[in-house]
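> One file: protein33.txt (compact mmCIF, C-alpha atoms).
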# COMPACT_ATOMS: atom_id res chain seq x y z
CA MET A 1 -50.06 4.96 -9.40
CA SER A 2 -49.05 8.58 -8.84
CA PRO A 3 -45.81 10.00 -10.32
CA LEU A 4 -44.42 10.54 -6.80
CA THR A 5 -45.04 6.90 -5.91
CA ARG A 6 -43.32 5.78 -9.12
CA VAL A 7 -40.28 7.92 -8.32
CA GLN A 8 -40.14 6.58 -4.78
CA ARG A 9 -40.39 2.99 -5.98
CA TRP A 10 -37.73 3.60 -8.66
CA ILE A 11 -35.38 5.04 -6.03
CA ALA A 12 -36.12 2.21 -3.59
CA ASP A 13 -35.36 -0.42 -6.23
CA ARG A 14 -32.03 1.19 -7.08
CA ILE A 15 -30.94 2.67 -3.74
CA ALA A 16 -27.94 0.34 -3.39
CA VAL A 17 -26.67 1.23 -6.88
CA ILE A 18 -27.21 4.94 -6.25
CA ILE A 19 -25.26 4.81 -2.98
CA ALA A 20 -22.47 2.81 -4.60
CA ILE A 21 -22.14 5.33 -7.43
CA ALA A 22 -22.14 8.23 -4.95
CA VAL A 23 -19.41 6.61 -2.86
CA LEU A 24 -17.28 5.88 -5.94
CA LEU A 25 -17.66 9.48 -7.13
CA TYR A 26 -16.64 10.72 -3.68
CA LEU A 27 -13.56 8.47 -3.68
CA PHE A 28 -12.44 9.26 -7.22
CA VAL A 29 -12.91 13.04 -7.22
CA PRO A 30 -9.36 13.59 -5.82
CA VAL A 31 -7.98 11.17 -8.41
CA ALA A 32 -9.80 13.02 -11.19
CA TYR A 33 -8.48 16.35 -9.86
CA THR A 34 -4.92 14.95 -9.87
CA PHE A 35 -5.33 13.70 -13.43
CA VAL A 36 -6.82 16.94 -14.77
CA PHE A 37 -4.22 19.19 -13.14
CA SER A 38 -1.38 17.07 -14.50
CA PHE A 39 -2.22 18.82 -17.81
CA ASN A 40 -2.36 22.33 -16.33
CA ASP A 41 -0.22 24.85 -18.22
CA TYR A 42 0.55 26.99 -15.18
CA ARG A 43 3.45 29.40 -14.71
CA LYS A 44 4.06 29.83 -10.98
CA SER A 45 1.46 27.89 -9.02
CA ASN A 46 -0.51 24.77 -9.97
CA ILE A 47 -3.62 25.82 -8.05
CA THR A 48 -5.88 27.39 -10.67
CA TRP A 49 -6.47 26.11 -14.20
CA SER A 50 -4.46 28.02 -16.80
CA GLY A 51 -4.76 25.89 -19.94
CA PHE A 52 -4.05 22.48 -21.40
CA THR A 53 -0.56 21.11 -22.09
CA LEU A 54 1.20 17.75 -22.45
CA LYS A 55 4.64 19.01 -21.45
CA HIS A 56 4.41 17.66 -17.88
CA TRP A 57 3.71 14.13 -19.16
CA GLU A 58 6.57 14.47 -21.63
CA ASN A 59 8.97 15.42 -18.82
CA PRO A 60 7.75 14.07 -15.44
CA CYS A 61 11.09 14.98 -13.84
CA GLY A 62 10.79 18.64 -14.82
CA ALA A 63 10.10 19.84 -11.28
CA PRO A 64 13.31 20.05 -9.20
CA GLY A 65 13.62 17.14 -6.76
CA VAL A 66 10.46 15.26 -7.71
CA CYS A 67 12.18 12.28 -9.31
CA ASP A 68 14.82 12.15 -6.58
CA ALA A 69 12.02 11.91 -4.02
CA LEU A 70 10.27 9.26 -6.11
CA GLN A 71 13.48 7.24 -6.38
CA THR A 72 13.94 7.40 -2.60
CA SER A 73 10.38 6.22 -1.99
CA ILE A 74 10.81 3.30 -4.41
CA LYS A 75 14.10 2.24 -2.78
CA VAL A 76 12.64 2.48 0.72
CA GLY A 77 9.50 0.63 -0.35
CA PHE A 78 11.44 -2.16 -2.03
CA LEU A 79 13.79 -2.77 0.92
CA ALA A 80 11.05 -2.47 3.55
CA THR A 81 8.76 -4.78 1.56
CA LEU A 82 11.44 -7.41 0.99
CA ILE A 83 12.56 -7.60 4.62
CA ALA A 84 9.07 -7.23 6.12
CA THR A 85 7.70 -9.95 3.82
CA ILE A 86 10.43 -12.42 4.79
CA ILE A 87 10.12 -11.75 8.52
CA GLY A 88 6.33 -11.48 8.48
CA THR A 89 5.86 -14.70 6.50
CA ALA A 90 8.13 -16.63 8.86
CA LEU A 91 6.28 -15.18 11.85
CA ALA A 92 2.90 -16.05 10.35
CA PHE A 93 3.99 -19.68 9.87
CA ALA A 94 5.21 -19.79 13.45
CA LEU A 95 1.98 -18.38 14.87
CA VAL A 96 -0.28 -20.66 12.80
CA ARG A 97 1.64 -23.93 12.61
CA HIS A 98 3.46 -24.13 15.95
CA ASN A 99 2.50 -24.12 19.61
CA PHE A 100 4.96 -22.34 21.89
CA ARG A 101 4.97 -20.32 25.08
CA GLY A 102 3.96 -16.74 24.37
CA ARG A 103 2.03 -17.54 21.21
CA GLY A 104 -1.07 -15.72 22.44
CA ALA A 105 0.95 -12.68 23.45
CA GLY A 106 2.63 -12.74 20.04
CA ASN A 107 -0.74 -12.66 18.28
CA VAL A 108 -1.70 -9.62 20.33
CA LEU A 109 1.60 -7.81 19.85
CA VAL A 110 1.36 -8.23 16.08
CA PHE A 111 -1.72 -6.00 16.04
CA LEU A 112 -0.22 -3.21 18.16
CA PRO A 113 1.55 -1.34 15.31
CA MET A 114 -1.69 -1.52 13.31
CA ALA A 115 -3.79 -0.17 16.18
CA THR A 116 -1.36 2.51 17.38
CA PRO A 117 -1.83 5.99 15.85
CA GLU A 118 0.93 6.82 13.40
CA ILE A 119 1.84 10.02 15.21
CA VAL A 120 2.53 8.00 18.36
CA LEU A 121 4.66 5.50 16.42
CA GLY A 122 6.54 8.30 14.70
CA ALA A 123 7.28 10.15 17.92
CA SER A 124 8.35 6.92 19.67
CA LEU A 125 10.66 5.92 16.84
CA LEU A 126 12.17 9.38 16.73
CA THR A 127 12.92 9.15 20.46
CA ILE A 128 14.53 5.73 20.01
CA PHE A 129 16.70 6.86 17.10
CA VAL A 130 17.78 10.12 18.73
CA GLN A 131 18.27 8.97 22.33
CA GLY A 132 18.79 5.22 22.06
CA PHE A 133 20.43 4.36 18.76
CA THR A 134 22.76 7.34 18.68
CA PHE A 135 24.97 5.63 16.09
CA LEU A 136 22.15 6.07 13.53
CA THR A 137 21.72 9.34 11.70
CA LEU A 138 18.18 10.28 10.72
CA GLY A 139 17.84 9.62 7.01
CA PHE A 140 17.37 6.81 4.53
CA TRP A 141 18.08 3.86 6.83
CA THR A 142 15.97 5.12 9.72
CA ILE A 143 13.05 5.41 7.27
CA VAL A 144 13.65 1.82 6.11
CA ILE A 145 13.77 0.52 9.70
CA ALA A 146 10.57 2.37 10.62
CA HIS A 147 8.72 1.11 7.54
CA ILE A 148 9.81 -2.48 8.17
CA MET A 149 8.42 -2.22 11.68
CA PHE A 150 4.86 -1.26 10.72
CA CYS A 151 4.78 -3.32 7.50
CA ILE A 152 5.53 -6.58 9.33
CA SER A 153 2.16 -6.51 11.09
CA PHE A 154 0.23 -6.23 7.83
CA VAL A 155 2.28 -9.02 6.26
CA VAL A 156 1.66 -11.31 9.23
CA VAL A 157 -2.09 -10.70 9.23
CA THR A 158 -2.39 -11.26 5.46
CA VAL A 159 -0.29 -14.43 5.35
CA LYS A 160 -1.97 -15.79 8.51
CA ALA A 161 -5.37 -15.46 6.86
CA ARG A 162 -4.11 -17.43 3.87
CA LEU A 163 -2.54 -20.14 6.03
CA GLN A 164 -5.66 -20.56 8.16
CA SER A 165 -7.79 -21.05 5.02
CA LEU A 166 -5.65 -23.91 3.68
CA ASP A 167 -7.05 -27.43 3.72
CA PRO A 168 -4.61 -29.53 5.84
CA ARG A 169 -5.70 -32.64 3.94
CA LEU A 170 -3.65 -31.49 0.93
CA GLU A 171 -0.43 -31.65 2.93
CA GLU A 172 -1.51 -34.94 4.49
CA ALA A 173 -2.11 -36.35 1.01
CA ALA A 174 1.40 -35.32 -0.05
CA GLN A 175 2.87 -37.04 3.00
CA ASP A 176 0.82 -40.15 2.28
CA LEU A 177 2.50 -40.19 -1.14
CA TYR A 178 5.89 -40.34 0.61
CA ALA A 179 6.78 -36.67 0.22
CA GLY A 180 9.15 -35.46 2.94
CA PRO A 181 8.61 -32.26 4.96
CA GLY A 182 10.76 -30.20 2.59
CA THR A 183 9.12 -31.53 -0.56
CA THR A 184 5.66 -31.06 0.95
CA PHE A 185 6.44 -27.47 1.84
CA TRP A 186 7.93 -26.42 -1.51
CA ARG A 187 5.60 -28.45 -3.76
CA VAL A 188 2.30 -28.06 -1.86
CA THR A 189 2.30 -25.54 0.98
CA PHE A 190 4.37 -22.74 -0.52
CA PRO A 191 2.51 -22.57 -3.88
CA LEU A 192 -0.79 -22.42 -2.01
CA VAL A 193 0.44 -19.68 0.33
CA LEU A 194 2.22 -17.71 -2.41
CA PRO A 195 -0.83 -15.63 -3.45
CA GLY A 196 -1.16 -14.47 0.17
CA ILE A 197 2.54 -13.63 0.33
CA VAL A 198 2.34 -11.65 -2.92
CA SER A 199 -0.74 -9.80 -1.64
CA ALA A 200 1.05 -9.03 1.60
CA ALA A 201 4.09 -7.73 -0.29
CA LEU A 202 1.98 -5.48 -2.50
CA LEU A 203 0.15 -4.14 0.54
CA ALA A 204 3.43 -3.52 2.37
CA PHE A 205 4.89 -1.65 -0.61
CA SER A 206 1.76 0.49 -0.92
CA LEU A 207 1.83 1.37 2.77
CA SER A 208 5.53 2.16 2.67
CA PHE A 209 5.33 4.26 -0.49
CA ASP A 210 2.31 6.15 0.82
CA ASP A 211 3.47 6.82 4.38
CA PHE A 212 4.05 10.41 5.42
CA ILE A 213 3.48 10.83 9.18
CA ILE A 214 6.02 8.30 10.47
CA THR A 215 8.44 9.17 7.66
CA ASN A 216 8.28 12.85 8.54
CA PHE A 217 9.43 12.07 12.08
CA VAL A 218 12.38 9.84 11.20
CA SER A 219 13.54 11.08 7.77
CA GLY A 220 15.84 13.91 8.79
CA ASP A 221 16.92 15.68 5.59
CA GLU A 222 15.86 12.77 3.35
CA THR A 223 12.84 13.48 1.15
CA THR A 224 10.37 10.84 0.03
CA PHE A 225 7.63 11.43 -2.53
CA PRO A 226 4.82 12.01 0.03
CA LYS A 227 7.09 14.41 1.94
CA PHE A 228 7.90 16.24 -1.30
CA VAL A 229 4.19 16.66 -2.03
CA TYR A 230 3.52 17.95 1.50
CA VAL A 231 6.34 20.49 1.36
CA SER A 232 5.23 21.63 -2.10
CA TYR A 233 1.53 22.16 -1.38
CA LEU A 234 1.94 25.70 -0.01
CA ARG A 235 3.18 27.00 -3.38
CA GLY A 236 1.07 24.59 -5.39
CA ILE A 237 1.95 20.96 -6.03
CA PRO A 238 3.93 20.73 -9.30
CA ALA A 239 2.03 19.14 -12.15
CA GLN A 240 4.85 16.60 -12.47
CA ALA A 241 3.91 15.32 -9.02
CA ASN A 242 0.35 14.89 -10.29
CA VAL A 243 1.70 12.94 -13.27
CA ILE A 244 3.67 10.60 -11.01
CA GLY A 245 0.83 10.26 -8.50
CA PHE A 246 -1.74 9.37 -11.13
CA SER A 247 0.71 6.98 -12.81
CA MET A 248 1.21 5.13 -9.51
CA PHE A 249 -2.56 4.94 -9.08
CA LEU A 250 -2.94 3.57 -12.61
CA ILE A 251 -0.23 0.95 -12.01
CA ALA A 252 -1.96 -0.16 -8.80
CA VAL A 253 -5.32 -0.49 -10.61
CA LEU A 254 -3.74 -2.50 -13.42
CA LEU A 255 -2.08 -4.84 -10.89
CA VAL A 256 -5.42 -5.43 -9.17
CA ILE A 257 -7.12 -6.13 -12.50
CA ALA A 258 -4.32 -8.48 -13.52
CA GLY A 259 -4.62 -10.31 -10.22
CA GLN A 260 -8.37 -10.70 -10.68
CA VAL A 261 -7.93 -12.01 -14.24
CA ILE A 262 -5.26 -14.51 -13.22
CA GLY A 263 -7.36 -15.66 -10.26
CA SER A 264 -10.44 -16.15 -12.41
CA LYS A 265 -8.45 -18.17 -14.96
CA ARG A 266 -7.11 -20.43 -12.22
CA ARG A 267 -10.59 -21.05 -10.85
CA SER A 268 -12.05 -21.82 -14.29
Would you write the structure of this file as structure tokens?

Amino acid sequence: MSPLTRVQRWIADRIAVIIAIAVLLYLFVPVAYTFVFSFNDYRKSNITWSGFTLKHWENPCGAPGVCDALQTSIKVGFLATLIATIIGTALAFALVRHNFRGRGAGNVLVFLPMATPEIVLGASLLTIFVQGFTFLTLGFWTIVIAHIMFCISFVVVTVKARLQSLDPRLEEAAQDLYAGPGTTFWRVTFPLVLPGIVSAALLAFSLSFDDFIITNFVSGDETTFPKFVYVSYLRGIPAQANVIGFSMFLIAVLLVIAGQVIGSKRRS
């Protein structure tokens, strides 16, 4: 067997692994850049490497406005997630468990915010807030309302998938054991659906925290963390923003790992 044939066979046997590694490298290069430049000892602009320092990690709020923007994003994300999860879960139960006029249209309408480009949603919401709801001033609450609107769709889809995968015989067994509708829901249905609800809430918070386009339309003078990063990029994103961004990424990874560990323990 010639050396060229051996190389070709070696590549063919490992092509899936090679592609997977290449894709992961492509995805994590921006994350690695963020991590590395959080240690950059720059003076005016955090664009070129100037040396290593830990001072940005020691004081993540050192850049003016960065922690205020982070606090705003966390508040918006928490409120939008809480309200969207409650409404979306109730809507998912209605669409899966009940037959009513307009159910098919409701299933279609749920997907519209997910399918509509964000710039269209942002412009439409801005028009509504400025021309329709004139009693609202663009700022914190208009951001919350906008985020609730697009987060509901993702919550509904996630919880619906969980509900549709449930075995109805479990609820029937509870009823056969003389459990009433309320007891069946809280002791059987809700615990089984809870992982889907938690997943939907985490997804909603991530989408809310990460959103820039819609937020930029409806935020007025309020600054969220993504908006702070966008405004800062022309003079170089502060290293403190890199610290916060990488920390949020690390928290998300740890939550995913924790979820996988808990899930594997439950299955074992």
> Write out as a PyMOL selection string the residues lying within 8 Å of range 144-159 of chain A, counting only C-alpha atoms and excluding same-chain residues fewer than 5 positions away.
chain A and resi 76-77+79-81+83-85+87-89+91-92+110-111+113-114+125+193+196-197+199-201+203-204+207-208+214-215+218
> In Å, rounded to a single decimal, give me how far CA of Leu121 in chain A is from CA of Leu202 in chain A.
22.0 Å
> Rounded to one decimal place, report the CA of Phe39 in chain A-CA of Asn216 in chain A distance in Å.
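Separation of CA of Phe39 in chain A and CA of Asn216 in chain A: 29.0 Å.
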> Each side padded by 6 Å, which centre and which edge lengths in Å (one decimal) define the axis-aligned box around the listed atoms of range 84-94 of chain A? Give them as AutoDock Vina command-line options.

--center_x 6.7 --center_y -13.5 --center_z 8.6 --size_x 19.5 --size_y 24.6 --size_z 21.6
> List every residue of range 23-50 of chain A that has an atom at most 10 Å from any atom of range 245-257 of chain A, and for each one report the closest atom pair and its distance in Å to one decimal, counting only C-alpha atoms, with rows sorted by chain and then by increasing residue number, as a tab-separated table.

residue	atom	partner	partner_atom	distance
A:Val31	CA	A:Phe246	CA	7.0
A:Ala32	CA	A:Phe246	CA	8.8
A:Tyr33	CA	A:Phe246	CA	9.8
A:Thr34	CA	A:Phe246	CA	6.5
A:Phe35	CA	A:Phe246	CA	6.1
A:Val36	CA	A:Phe246	CA	9.8
A:Ser38	CA	A:Phe246	CA	8.4
> May I ask which of the residues A:Arg97, A:Arg169, A:His56, A:Arg9 is the closest one to Ala241 in chain A, counting all atoms listed in the file?
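The shortest atom-to-atom distance to Ala241 in chain A comes from A:His56.
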> Have a look at CA of Leu24 in chain A and CA of Pro226 in chain A and let me know their distance in Å, one decimal.
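Rounded to one decimal, the two atoms are 23.7 Å apart.
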> Find the residue from A:Ala12, A:Ile74, A:Val130, A:Ala63 that sits nearest to Asp210 in chain A; use all atoms listed in the file when measuring.
A:Ile74
> Extract, using all atoms listed in the file, all DNA, RNA and protein residues at most 7 Å from Phe217 in chain A, discarding same-chain residues fewer than 2 positions from it, and format them as a list in words.
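Near Phe217 in chain A, the qualifying residues are Gly122, Ala123, Leu126, Ile213, Ile214, Thr215 and Ser219 of chain A.
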> Can you tell me, as a VMD selection string, what residues are no more than 12 Å from Pro168 in chain A when counting all atoms listed in the file, ignoring any on the same chain fewer than 5 positions away?
chain A and resid 97 163 173 to 175 184 to 185 188 to 189 192
> N, CA, C and O atoms for range 220-244 of chain A, written as an mmCIF file, keeping the file's coordinate frame, could you do that?

data_model
loop_
_atom_site.group_PDB
_atom_site.id
_atom_site.type_symbol
_atom_site.label_atom_id
_atom_site.label_comp_id
_atom_site.auth_asym_id
_atom_site.auth_seq_id
_atom_site.Cartn_x
_atom_site.Cartn_y
_atom_site.Cartn_z
ATOM 1 N N GLY A 220 14.762 12.927 8.785
ATOM 2 C CA GLY A 220 15.840 13.910 8.790
ATOM 3 C C GLY A 220 15.765 14.789 7.555
ATOM 4 O O GLY A 220 14.725 15.368 7.240
ATOM 5 N N ASP A 221 16.874 14.858 6.810
ATOM 6 C CA ASP A 221 16.920 15.680 5.590
ATOM 7 C C ASP A 221 16.531 14.891 4.345
ATOM 8 O O ASP A 221 16.509 15.452 3.248
ATOM 9 N N GLU A 222 16.243 13.590 4.493
ATOM 10 C CA GLU A 222 15.860 12.770 3.350
ATOM 11 C C GLU A 222 14.421 13.085 2.939
ATOM 12 O O GLU A 222 13.560 13.292 3.798
ATOM 13 N N THR A 223 14.177 13.133 1.652
ATOM 14 C CA THR A 223 12.840 13.480 1.150
ATOM 15 C C THR A 223 12.266 12.317 0.353
ATOM 16 O O THR A 223 12.860 11.873 -0.625
ATOM 17 N N THR A 224 11.112 11.844 0.791
ATOM 18 C CA THR A 224 10.370 10.840 0.030
ATOM 19 C C THR A 224 9.294 11.553 -0.803
ATOM 20 O O THR A 224 9.072 12.761 -0.642
ATOM 21 N N PHE A 225 8.625 10.807 -1.662
ATOM 22 C CA PHE A 225 7.630 11.430 -2.530
ATOM 23 C C PHE A 225 6.472 12.058 -1.743
ATOM 24 O O PHE A 225 6.096 13.203 -2.019
ATOM 25 N N PRO A 226 5.872 11.364 -0.746
ATOM 26 C CA PRO A 226 4.820 12.010 0.030
ATOM 27 C C PRO A 226 5.310 13.269 0.765
ATOM 28 O O PRO A 226 4.582 14.260 0.858
ATOM 29 N N LYS A 227 6.537 13.234 1.255
ATOM 30 C CA LYS A 227 7.090 14.410 1.940
ATOM 31 C C LYS A 227 7.300 15.549 0.949
ATOM 32 O O LYS A 227 7.059 16.712 1.275
ATOM 33 N N PHE A 228 7.738 15.225 -0.258
ATOM 34 C CA PHE A 228 7.900 16.240 -1.300
ATOM 35 C C PHE A 228 6.572 16.912 -1.610
ATOM 36 O O PHE A 228 6.495 18.136 -1.739
ATOM 37 N N VAL A 229 5.516 16.112 -1.729
ATOM 38 C CA VAL A 229 4.190 16.660 -2.030
ATOM 39 C C VAL A 229 3.725 17.573 -0.899
ATOM 40 O O VAL A 229 3.188 18.661 -1.140
ATOM 41 N N TYR A 230 3.957 17.143 0.354
ATOM 42 C CA TYR A 230 3.520 17.950 1.500
ATOM 43 C C TYR A 230 4.254 19.294 1.541
ATOM 44 O O TYR A 230 3.642 20.339 1.760
ATOM 45 N N VAL A 231 5.554 19.258 1.327
ATOM 46 C CA VAL A 231 6.340 20.490 1.360
ATOM 47 C C VAL A 231 5.951 21.418 0.212
ATOM 48 O O VAL A 231 5.994 22.644 0.348
ATOM 49 N N SER A 232 5.521 20.833 -0.904
ATOM 50 C CA SER A 232 5.230 21.630 -2.100
ATOM 51 C C SER A 232 3.837 22.249 -2.097
ATOM 52 O O SER A 232 3.574 23.152 -2.905
ATOM 53 N N TYR A 233 2.937 21.762 -1.222
ATOM 54 C CA TYR A 233 1.530 22.160 -1.380
ATOM 55 C C TYR A 233 1.313 23.638 -1.135
ATOM 56 O O TYR A 233 0.372 24.239 -1.683
ATOM 57 N N LEU A 234 2.148 24.291 -0.315
ATOM 58 C CA LEU A 234 1.940 25.700 -0.010
ATOM 59 C C LEU A 234 2.091 26.578 -1.248
ATOM 60 O O LEU A 234 1.390 27.586 -1.390
ATOM 61 N N ARG A 235 3.011 26.214 -2.151
ATOM 62 C CA ARG A 235 3.180 27.000 -3.380
ATOM 63 C C ARG A 235 2.508 26.347 -4.574
ATOM 64 O O ARG A 235 2.691 26.786 -5.714
ATOM 65 N N GLY A 236 1.752 25.288 -4.315
ATOM 66 C CA GLY A 236 1.070 24.590 -5.390
ATOM 67 C C GLY A 236 1.851 23.378 -5.825
ATOM 68 O O GLY A 236 3.009 23.489 -6.238
ATOM 69 N N ILE A 237 1.254 22.206 -5.697
ATOM 70 C CA ILE A 237 1.950 20.960 -6.030
ATOM 71 C C ILE A 237 2.296 20.971 -7.514
ATOM 72 O O ILE A 237 1.431 21.218 -8.356
ATOM 73 N N PRO A 238 3.557 20.724 -7.873
ATOM 74 C CA PRO A 238 3.930 20.730 -9.300
ATOM 75 C C PRO A 238 3.112 19.712 -10.085
ATOM 76 O O PRO A 238 2.757 18.643 -9.581
ATOM 77 N N ALA A 239 2.822 20.047 -11.321
ATOM 78 C CA ALA A 239 2.030 19.140 -12.150
ATOM 79 C C ALA A 239 2.759 17.822 -12.372
ATOM 80 O O ALA A 239 2.117 16.789 -12.565
ATOM 81 N N GLN A 240 4.097 17.848 -12.327
ATOM 82 C CA GLN A 240 4.850 16.600 -12.470
ATOM 83 C C GLN A 240 4.549 15.634 -11.334
ATOM 84 O O GLN A 240 4.543 14.415 -11.533
ATOM 85 N N ALA A 241 4.300 16.171 -10.141
ATOM 86 C CA ALA A 241 3.910 15.320 -9.020
ATOM 87 C C ALA A 241 2.538 14.697 -9.273
ATOM 88 O O ALA A 241 2.286 13.538 -8.906
ATOM 89 N N ASN A 242 1.647 15.447 -9.909
ATOM 90 C CA ASN A 242 0.350 14.890 -10.290
ATOM 91 C C ASN A 242 0.510 13.788 -11.319
ATOM 92 O O ASN A 242 -0.193 12.767 -11.270
ATOM 93 N N VAL A 243 1.436 13.976 -12.259
ATOM 94 C CA VAL A 243 1.700 12.940 -13.270
ATOM 95 C C VAL A 243 2.162 11.659 -12.604
ATOM 96 O O VAL A 243 1.660 10.561 -12.886
ATOM 97 N N ILE A 244 3.127 11.781 -11.695
ATOM 98 C CA ILE A 244 3.670 10.600 -11.010
ATOM 99 C C ILE A 244 2.609 9.969 -10.116
ATOM 100 O O ILE A 244 2.452 8.741 -10.091
#
